[in-house]
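Visitor: Structure below; questions to follow.
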Amino acid sequence: MGVLDIRIEPLAVDVSFSPDALHVVLADGREVSAPLEWFPGLRSATTEQKRNWRLIGKGIGIHWEDVDEDISVESLLAVRD
């Protein structure tokens, strides 16, 4: 197995919001943003509900208990049509 064959799973370390987007900071330093339109539960959530998140599986995903929303980092990195 060569160095290029190793797949490192991206992990979230922090979450924030702008008025129209979700922002996730990854352990490798990248920041991924996605429009809130993709996540109706978060789009309509209050600021307090948005702040009440926790990491799932050591950062492979994020969960918002108050709005019953789960988002995987892998899905944020996938190309959307």
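Every chain in the structure tokens has a letter given in the order shown (A, B, ...), and although residue numbers restart at 1 in each chain, ligands are simply numbered from 1 in the order shown.
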Would you pick out the contacts of stretch 69-77 of chain A at 10 Å or less, using only C-alpha atoms, so that residues sharing its chain but fewer than 6 positions from it are not included, and give the list as an mmCIF file with C-alpha atoms, in the first residue's frame?
Guide:
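Heads up, here's the output in out-v7.cif:
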data_model
loop_
_atom_site.group_PDB
_atom_site.id
_atom_site.type_symbol
_atom_site.label_atom_id
_atom_site.label_comp_id
_atom_site.auth_asym_id
_atom_site.auth_seq_id
_atom_site.Cartn_x
_atom_site.Cartn_y
_atom_site.Cartn_z
ATOM 1 C CA GLU A 9 -11.529 10.296 7.155
ATOM 2 C CA PRO A 10 -12.362 13.999 7.572
ATOM 3 C CA LEU A 11 -13.451 14.874 11.103
ATOM 4 C CA ALA A 12 -15.359 17.925 12.326
ATOM 5 C CA LEU A 22 -23.575 26.213 8.075
ATOM 6 C CA HIS A 23 -19.781 26.265 8.567
ATOM 7 C CA VAL A 24 -17.841 23.229 9.768
ATOM 8 C CA VAL A 25 -14.134 23.312 10.646
ATOM 9 C CA LEU A 26 -12.339 20.024 10.014
ATOM 10 C CA VAL A 32 -16.648 23.462 4.715
ATOM 11 C CA SER A 33 -19.733 25.619 4.226
ATOM 12 C CA ALA A 34 -23.179 24.677 2.997
ATOM 13 C CA PHE A 39 -31.107 21.624 5.937
ATOM 14 C CA PRO A 40 -34.683 22.827 6.571
ATOM 15 C CA GLY A 41 -34.546 21.761 10.230
ATOM 16 C CA LEU A 42 -31.535 23.982 10.863
ATOM 17 C CA TRP A 53 -24.820 20.621 18.708
ATOM 18 C CA ARG A 54 -22.517 17.710 19.510
ATOM 19 C CA LEU A 55 -20.074 15.651 17.505
ATOM 20 C CA ILE A 56 -21.024 12.104 16.544
ATOM 21 C CA GLY A 57 -18.419 9.347 16.264
ATOM 22 C CA GLY A 59 -16.304 14.023 14.497
ATOM 23 C CA ILE A 60 -17.611 11.987 11.566
ATOM 24 C CA GLY A 61 -20.900 13.821 11.992
ATOM 25 C CA ILE A 62 -22.811 16.479 13.907
ATOM 26 C CA HIS A 63 -26.083 16.102 15.806
#
Visitor: Would you return as a ChimeraX atom specification the members of chain A that DSSP assigns to alpha helix (DSSP H) on this structure's backbone?
Guide: /A:40-43,47-51,73-77
Visitor: To one decimal in Å, tell me the separation between atom CA of A:Asp66 and atom CA of A:Gly29.
Guide: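 Atom-to-atom, atom CA of A:Asp66 to atom CA of A:Gly29, that is 27.8 Å.
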Visitor: Identify all residues of chain A in strand (DSSP E) (DSSP on the backbone) and supply them as a PyMOL selection string.
Guide: chain A and resi 12-18+21-26+31-35+53-56+61-64+69-72
Visitor: I need the residues from that last selection saved to file as a CSV table (one decimal), in the first residue's frame (with C-alpha atoms), if you can.
Guide:
chain,number,residue,atom,x,y,z
A,12,ALA,CA,-15.4,17.9,12.3
A,13,VAL,CA,-14.0,19.9,15.3
A,14,ASP,CA,-16.2,23.0,15.3
A,15,VAL,CA,-19.5,24.3,14.0
A,16,SER,CA,-20.7,27.8,13.4
A,17,PHE,CA,-23.4,29.6,11.4
A,18,SER,CA,-23.8,32.7,9.3
A,21,ALA,CA,-24.9,29.0,5.9
A,22,LEU,CA,-23.6,26.2,8.1
A,23,HIS,CA,-19.8,26.3,8.6
A,24,VAL,CA,-17.8,23.2,9.8
A,25,VAL,CA,-14.1,23.3,10.6
A,26,LEU,CA,-12.3,20.0,10.0
A,31,GLU,CA,-13.6,24.8,6.6
A,32,VAL,CA,-16.6,23.5,4.7
A,33,SER,CA,-19.7,25.6,4.2
A,34,ALA,CA,-23.2,24.7,3.0
A,35,PRO,CA,-26.3,26.7,2.5
A,53,TRP,CA,-24.8,20.6,18.7
A,54,ARG,CA,-22.5,17.7,19.5
A,55,LEU,CA,-20.1,15.7,17.5
A,56,ILE,CA,-21.0,12.1,16.5
A,61,GLY,CA,-20.9,13.8,12.0
A,62,ILE,CA,-22.8,16.5,13.9
A,63,HIS,CA,-26.1,16.1,15.8
A,64,TRP,CA,-28.6,18.7,16.9
A,69,GLU,CA,-30.9,16.8,12.7
A,70,ASP,CA,-27.8,14.7,11.9
A,71,ILE,CA,-25.2,15.7,9.2
A,72,SER,CA,-22.2,13.7,8.2
Visitor: Could you tell me how far atom CA of A:Trp38 lies from atom CA of A:Ile8, in Å and to one decimal?
Guide: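 Those two atoms sit 25.6 Å apart.
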Visitor: Pick out the closest residue to A:Asp20 from this set: A:Thr47, A:Asn52, A:Val67, A:Leu36. Count only C-alpha atoms.
Guide: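 Nearest to A:Asp20: A:Leu36.
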